[in-house]
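Engineer: Input entry.cif, format and content: mmCIF, C-alpha atoms.
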data_coords
loop_
_atom_site.label_atom_id
_atom_site.label_comp_id
_atom_site.auth_asym_id
_atom_site.auth_seq_id
_atom_site.Cartn_x
_atom_site.Cartn_y
_atom_site.Cartn_z
CA MET A 239 -18.94 23.86 -2.97
CA GLY A 240 -18.91 27.60 -2.28
CA ASP A 241 -16.66 30.23 -0.81
CA GLN A 242 -14.99 29.98 2.55
CA ASN A 243 -17.25 31.17 5.36
CA THR A 244 -15.88 34.46 6.74
CA LYS A 245 -19.20 35.90 7.95
CA PRO A 246 -22.38 34.35 9.37
CA ARG A 247 -24.46 32.50 6.79
CA ARG A 248 -26.94 29.67 7.14
CA ILE A 249 -27.69 26.40 5.39
CA ASN A 250 -30.97 24.88 6.52
CA LYS A 251 -30.90 27.21 9.53
CA VAL A 252 -27.40 26.02 10.47
CA GLU A 253 -24.76 28.72 10.75
CA GLY A 254 -21.30 27.75 9.56
CA ALA A 255 -18.28 28.38 11.75
CA ALA A 256 -15.56 30.71 10.53
CA GLY A 257 -13.31 28.90 8.07
CA GLN A 258 -15.86 26.25 7.08
CA VAL A 259 -17.01 25.88 3.49
CA MET A 260 -20.28 24.89 1.84
CA GLN A 261 -20.24 21.39 0.40
CA SER A 262 -22.57 20.29 -2.37
CA GLN A 263 -23.21 16.58 -1.92
CA GLY A 264 -24.56 15.73 -5.33
CA PRO A 265 -27.92 16.05 -7.09
CA GLY A 266 -30.87 16.21 -4.71
CA VAL A 267 -28.67 16.25 -1.60
CA VAL A 268 -28.76 19.27 0.69
CA GLU A 269 -25.60 21.33 1.03
CA GLN A 270 -23.80 21.34 4.37
CA TRP A 271 -21.01 23.09 6.22
CA VAL A 272 -17.72 21.18 6.47
CA ASP A 273 -14.13 21.85 7.44
CA PRO A 274 -11.87 22.18 4.38
CA SER A 275 -9.85 19.13 5.48
CA GLU A 276 -12.95 16.95 5.06
CA LEU A 277 -13.75 17.99 1.51
CA GLY A 278 -13.62 15.61 -1.38
CA VAL A 279 -11.91 17.08 -4.44
CA ASP A 280 -13.46 16.24 -7.82
CA TYR A 281 -11.15 16.26 -10.87
CA GLY A 282 -13.63 14.51 -13.16
CA LEU A 283 -12.07 11.06 -13.44
CA SER A 284 -10.20 11.26 -10.17
CA PHE A 285 -11.15 12.33 -6.66
CA ILE A 286 -9.34 12.99 -3.39
CA GLY A 287 -11.05 12.27 -0.08
CA THR A 288 -10.15 12.32 3.58
CA VAL A 289 -11.07 9.23 5.58
CA THR A 290 -13.63 10.29 8.19
CA GLY A 291 -14.67 6.86 9.45
CA VAL A 292 -13.73 3.18 9.39
CA ALA A 293 -17.05 1.60 10.40
CA GLY A 294 -17.43 -1.94 9.07
CA ALA A 295 -13.68 -2.31 8.48
CA PRO A 296 -12.09 -2.94 6.06
CA LYS A 297 -14.62 -0.47 4.68
CA PHE A 298 -13.90 3.22 5.10
CA GLN A 299 -15.92 6.42 4.80
CA CYS A 300 -15.09 9.80 3.23
CA SER A 301 -17.86 12.24 4.15
CA GLY A 302 -16.61 14.68 1.52
CA LEU A 303 -17.56 12.21 -1.22
CA ILE A 304 -21.22 11.69 -0.31
CA GLY A 305 -23.98 11.75 -2.90
CA PHE A 306 -22.51 10.48 -6.16
CA GLY A 307 -24.97 7.60 -6.49
CA ASP A 308 -24.62 4.00 -5.33
CA ALA A 309 -21.83 2.08 -7.05
CA PHE A 310 -20.44 5.26 -8.64
CA PHE A 311 -16.94 4.46 -7.37
CA LYS A 312 -17.12 0.72 -8.04
CA ASP A 313 -13.93 -0.45 -9.78
CA TYR A 314 -12.13 2.81 -8.99
CA TRP A 315 -8.62 2.39 -7.60
CA ALA A 316 -8.15 3.70 -4.05
CA TYR A 317 -4.58 4.92 -3.48
CA VAL A 318 -3.62 5.95 0.05
CA VAL A 319 -1.45 8.97 -0.68
CA TRP A 320 -0.90 10.20 2.87
CA ASP A 321 -0.70 8.55 6.27
CA ALA A 322 -2.51 10.70 8.84
CA ALA A 323 0.06 9.81 11.48
CA GLY A 324 2.62 11.64 9.36
CA GLY A 325 5.24 8.91 9.43
CA GLY A 326 4.71 7.60 5.91
CA ALA A 327 3.81 4.15 7.22
CA GLN A 328 1.64 1.76 5.25
CA PRO A 329 -1.03 1.87 3.97
CA GLN A 330 0.51 5.05 2.51
CA GLY A 331 1.59 4.07 -0.99
CA GLN A 332 -0.77 1.10 -1.16
CA LYS A 333 -3.71 0.76 -3.53
CA LEU A 334 -6.79 -1.45 -3.76
CA ILE A 335 -9.82 -1.74 -6.05
CA CYS A 336 -13.13 -0.39 -4.71
CA THR A 337 -15.68 -3.16 -5.00
CA GLY A 338 -18.59 -1.10 -3.67
CA TYR A 339 -19.74 2.39 -2.74
CA ASN A 340 -22.78 3.55 -0.74
CA SER A 341 -23.81 7.06 -1.74
CA VAL A 342 -25.64 8.01 1.48
CA ASP A 343 -22.62 7.83 3.77
CA ALA A 344 -19.75 7.62 1.24
CA ASP A 345 -18.98 4.09 2.36
CA PHE A 346 -16.20 2.50 0.30
CA THR A 347 -15.76 -1.27 0.16
CA VAL A 348 -12.24 -2.57 -0.40
CA ALA A 349 -10.19 -5.57 0.65
CA ALA A 350 -8.22 -5.02 3.84
CA PHE A 351 -5.08 -2.92 3.61
CA ALA A 352 -2.20 -4.86 5.17
CA PRO A 353 -0.23 -4.99 7.34
CA ASN A 354 -1.62 -1.66 8.62
CA VAL A 355 -5.30 -0.74 8.33
CA ILE A 356 -6.56 2.52 6.86
CA ALA A 357 -7.23 5.17 9.51
CA VAL A 358 -9.28 8.32 10.03
CA GLY A 359 -7.45 11.27 8.51
CA ASP A 360 -5.67 9.30 5.79
CA LYS A 361 -5.88 10.88 2.32
CA VAL A 362 -7.15 8.68 -0.51
CA LEU A 363 -6.83 9.29 -4.25
CA LEU A 364 -9.59 7.56 -6.24
CA LEU A 365 -8.86 6.92 -9.92
CA HIS A 366 -11.36 5.91 -12.60
CA PRO A 367 -10.46 2.50 -14.12
CA SER A 368 -9.73 4.07 -17.51
CA ILE A 369 -7.11 6.32 -15.90
CA ALA A 370 -5.74 3.68 -13.56
CA SER A 371 -5.18 1.31 -16.48
CA LEU A 372 -2.75 3.77 -18.03
CA ILE A 373 -0.52 3.87 -14.97
CA ASN A 374 -1.49 0.66 -13.22
CA THR A 375 1.49 -1.48 -12.31
CA VAL A 376 -0.55 -4.27 -10.79
CA GLN A 377 -2.23 -5.72 -13.89
CA MET A 378 -2.48 -9.48 -14.18
CA GLY A 379 0.50 -11.01 -15.96
CA LYS A 380 2.60 -7.86 -16.11
CA SER A 381 6.25 -8.44 -15.14
CA GLN A 382 7.32 -6.25 -12.23
CA ILE A 383 10.39 -5.69 -10.08
CA PHE A 384 10.42 -5.09 -6.33
CA GLU A 385 13.55 -4.01 -4.41
CA LYS A 386 14.18 -3.83 -0.68
CA SER A 387 17.31 -2.50 1.03
CA ILE A 388 18.40 -4.51 4.08
CA THR A 389 20.72 -2.67 6.50
CA LEU A 390 20.26 -4.43 9.84
CA PRO A 391 22.45 -6.29 12.34
CA ALA A 392 23.78 -9.56 10.99
CA ASN A 393 22.13 -11.50 13.83
CA THR A 394 18.64 -9.97 13.48
CA GLY A 395 16.86 -13.15 12.44
CA ASP A 396 13.83 -13.09 10.15
CA VAL A 397 13.12 -9.78 8.37
CA VAL A 398 10.11 -9.28 6.08
CA VAL A 399 11.31 -8.32 2.62
CA ALA A 400 7.88 -8.09 0.99
CA THR A 401 4.22 -8.78 1.64
CA ILE A 402 1.92 -9.94 -1.16
CA THR A 403 -0.96 -7.48 -1.12
CA ASP A 404 -4.62 -8.14 -1.95
CA GLN A 405 -4.27 -10.68 -4.78
CA PRO A 406 -1.91 -13.64 -5.37
CA CYS A 407 1.38 -13.16 -7.20
CA GLN A 408 3.75 -15.45 -9.06
CA ILE A 409 7.34 -15.06 -7.87
CA GLU A 410 9.83 -15.68 -10.69
CA SER A 411 13.23 -14.72 -9.36
CA VAL A 412 14.98 -13.52 -6.21
CA ILE A 413 18.42 -11.90 -6.05
CA ILE A 414 20.51 -10.94 -3.02
CA HIS A 415 22.96 -8.20 -4.01
CA ALA A 416 25.91 -7.11 -1.87
CA ASP A 417 25.95 -3.31 -1.72
CA THR A 418 29.15 -3.38 0.33
CA VAL A 419 31.47 -6.03 1.74
CA GLN A 420 29.37 -7.97 4.23
CA PRO A 421 30.63 -8.06 7.83
CA ALA A 422 32.53 -11.04 9.16
CA HIS A 423 29.79 -11.37 11.79
CA MET A 424 27.33 -12.43 9.09
CA THR A 425 26.99 -16.20 8.79
CA SER A 426 24.17 -16.48 6.23
CA CYS A 427 21.12 -14.70 4.80
CA GLY A 428 18.75 -17.17 3.18
CA VAL A 429 15.46 -16.02 1.62
CA PHE A 430 12.20 -17.87 2.23
CA GLY A 431 8.49 -17.43 1.59
CA GLY A 432 4.99 -18.56 2.44
CA ALA A 433 3.50 -19.87 5.66
CA ALA A 434 6.21 -20.88 8.15
CA LYS A 435 8.88 -20.22 5.47
CA VAL A 436 7.80 -23.36 3.60
CA ILE A 437 9.28 -22.06 0.33
CA THR A 438 13.07 -21.87 0.05
CA PHE A 439 14.08 -19.29 -2.52
CA ILE A 440 17.74 -19.05 -1.55
CA ALA A 441 19.02 -21.54 1.03
CA ALA A 442 21.20 -20.33 3.89
CA ALA A 443 24.01 -22.54 2.59
CA ASP A 444 23.89 -20.65 -0.72
CA ALA A 445 23.99 -17.20 0.88
CA LEU A 446 27.01 -17.33 3.17
CA GLN A 447 29.24 -14.40 4.07
CA ALA A 448 31.84 -15.69 1.62
CA ASP A 449 29.27 -15.49 -1.19
CA LEU A 450 28.68 -11.78 -0.52
CA ASP A 451 32.04 -10.54 0.73
CA ALA A 452 32.65 -8.04 -2.08
CA ILE A 453 30.64 -5.21 -3.61
CA ASP A 454 28.32 -6.45 -6.38
CA LYS A 455 28.65 -10.13 -5.51
CA GLN A 456 25.22 -11.74 -5.60
CA VAL A 457 23.32 -14.97 -5.33
CA TYR A 458 19.98 -15.75 -6.95
CA TRP A 459 17.08 -18.11 -7.48
CA ASP A 460 14.74 -18.38 -10.43
CA GLY A 461 11.64 -20.46 -10.98
CA LYS A 462 7.91 -20.09 -10.44
CA VAL A 463 6.14 -19.95 -7.06
CA ARG A 464 2.62 -18.71 -6.31
CA LEU A 465 2.05 -16.82 -3.08
CA ALA A 466 -1.43 -15.72 -1.97
CA GLY A 467 -2.35 -12.30 -0.63
CA THR A 468 -0.90 -11.52 2.87
CA LYS A 469 1.89 -14.09 2.47
CA THR A 470 5.42 -12.82 2.99
CA ILE A 471 8.95 -13.18 1.68
CA VAL A 472 11.58 -13.03 4.43
CA ILE A 473 15.35 -12.90 4.67
CA SER A 474 16.85 -14.75 7.64
CA LEU A 475 19.88 -12.88 8.95
CA VAL A 476 22.05 -15.29 10.91
CA GLY A 477 25.27 -14.07 12.47
CA THR A 478 27.60 -14.02 15.45
CA GLY A 479 27.45 -10.27 16.04
CA ALA A 480 25.51 -7.06 15.46
CA ASP A 481 27.49 -5.42 12.67
CA ASN A 482 25.06 -4.29 9.96
CA VAL A 483 24.70 -6.07 6.66
CA ASP A 484 24.21 -3.95 3.54
CA LEU A 485 22.17 -5.85 0.99
CA THR A 486 19.49 -5.30 -1.61
CA VAL A 487 16.92 -8.02 -2.29
CA ILE A 488 15.35 -7.90 -5.75
CA VAL A 489 12.18 -9.86 -6.55
CA LYS A 490 10.74 -10.31 -10.03
CA TYR A 491 7.02 -11.18 -10.00
CA ARG A 492 3.66 -11.02 -11.79
CA ALA A 493 0.16 -10.54 -10.42
CA CYS A 494 -1.91 -13.72 -10.86
CA VAL A 495 -5.03 -11.53 -10.56
CA SER A 496 -5.15 -7.80 -11.27
CA GLY A 497 -4.52 -5.99 -8.02
CA GLY A 498 -1.73 -8.20 -6.71
CA TYR A 499 1.56 -6.53 -5.87
CA LEU A 500 4.41 -6.55 -3.36
CA VAL A 501 4.96 -4.00 -0.61
#
Show the structure stored in the file as structure tokens.

Structural biologist:
Amino acid sequence: MGDQNTKPRRINKVEGAAGQVMQSQGPGVVEQWVDPSELGVDYGLSFIGTVTGVAGAPKFQCSGLIGFGDAFFKDYWAYVVWDAAGGGAQPQGQKLICTGYNSVDADFTVAAFAPNVIAVGDKVLLLHPSIASLINTVQMGKSQIFEKSITLPANTGDVVVATITDQPCQIESVIIHADTVQPAHMTSCGVFGGAAKVITFIAAADALQADLDAIDKQVYWDGKVRLAGTKTIVISLVGTGADNVDLTVIVKYRACVSGGYLV
């Protein structure tokens, strides 16, 4: 990659526009002009790319990372570090293992990001497995904690607390913590999981307003339940009015297969 183009120059008889930069695409691959926003940044064992295509979804393409050789990025972790829409919505903050890479068009193979798909313009950080293992919080068997604040009307109904992402996870405990006195309008707030809420973590009868009517009161479940990727944990807010609850749901879990985590 060369200097920014501030005066006419040519690569293979193609003149770059002002502001473009020359991109080297790896050994034996001809340089080209690109906009700086499309460049892949090479830090040795980590790379940053901008998603430039989503052909063959859930695959994605980063034209700035062309030419490293087929399978070069296999087993790298792909972290979506920025949502192009600018709202911080998922998949920002999510991460998946690259299971394949095509060098010609920088085509990355991953499982599907969920619930939102990766989009053109998203920024992706790619970490070598040896680096990812040092900071990876989604290793098989590692105990982890997930927290979700719930501040919604007491009569909202079902609210997704967490979605199991990519690989199955073992759920080991669930706590509902009262951050404030819960409103009189709240009747109950049971926690359930799996398809059609088949798993009862905390029954509605065990999570009544009276059980959470003071700061730091809490109810809990512990045990062992396996939930596959894409399954959800929900809290069912049942009430007679729209005053907001103020709760935190805490889930202790382990990935059954490396790559499983809650979002």

Engineer: Could you list the residues chosen by the PyMOL selection byres ((chain A and resi 357) around 10) in this structure as number ranges by chain?

Structural biologist: A: 288-292, 295, 298-299, 321-323, 329, 354-356, 358-361

Engineer: Can you work out which one of A:His366, A:Lys386, A:Lys297, A:Lys380 has the shortest atom-to-atom distance to Arg492 in chain A, counting all atoms listed in the file?

Structural biologist: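 The closest residue to Arg492 in chain A is A:Lys380.
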
Engineer: Do you know which residues are at most 8 Å from His415 in chain A counting all atoms listed in the file, after dropping those on the same chain fewer than 5 positions away, and could you put them as a PDB file with C-alpha atoms, keeping the file's coordinate frame?

Structural biologist:
ATOM      1  CA  LEU A 450      28.680 -11.780  -0.520  1.00  0.00           C
ATOM      2  CA  ASP A 454      28.320  -6.450  -6.380  1.00  0.00           C
ATOM      3  CA  LYS A 455      28.650 -10.130  -5.510  1.00  0.00           C
ATOM      4  CA  GLN A 456      25.220 -11.740  -5.600  1.00  0.00           C
ATOM      5  CA  VAL A 457      23.320 -14.970  -5.330  1.00  0.00           C
ATOM      6  CA  LEU A 485      22.170  -5.850   0.990  1.00  0.00           C
ATOM      7  CA  THR A 486      19.490  -5.300  -1.610  1.00  0.00           C
ATOM      8  CA  VAL A 487      16.920  -8.020  -2.290  1.00  0.00           C
ATOM      9  CA  ILE A 488      15.350  -7.900  -5.750  1.00  0.00           C
TER      10      ILE A 488
END

Engineer: List the neighbours of Leu283 in chain A out to 9 Å using all atoms listed in the file; skip same-chain residues closer than 6 positions along the sequence, and give me the result as a list in words.

Structural biologist: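 These residues fall inside the cut-off: Leu364, Leu365, His366, Pro367, Ser368 and Ile369 of chain A.
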
Engineer: I need the output of the PyMOL selection byres ((chain A and resi 342) around 10) for this file as number ranges by chain; which residues are they?

Structural biologist: A: 263, 267, 301, 303-308, 339-341, 343-345
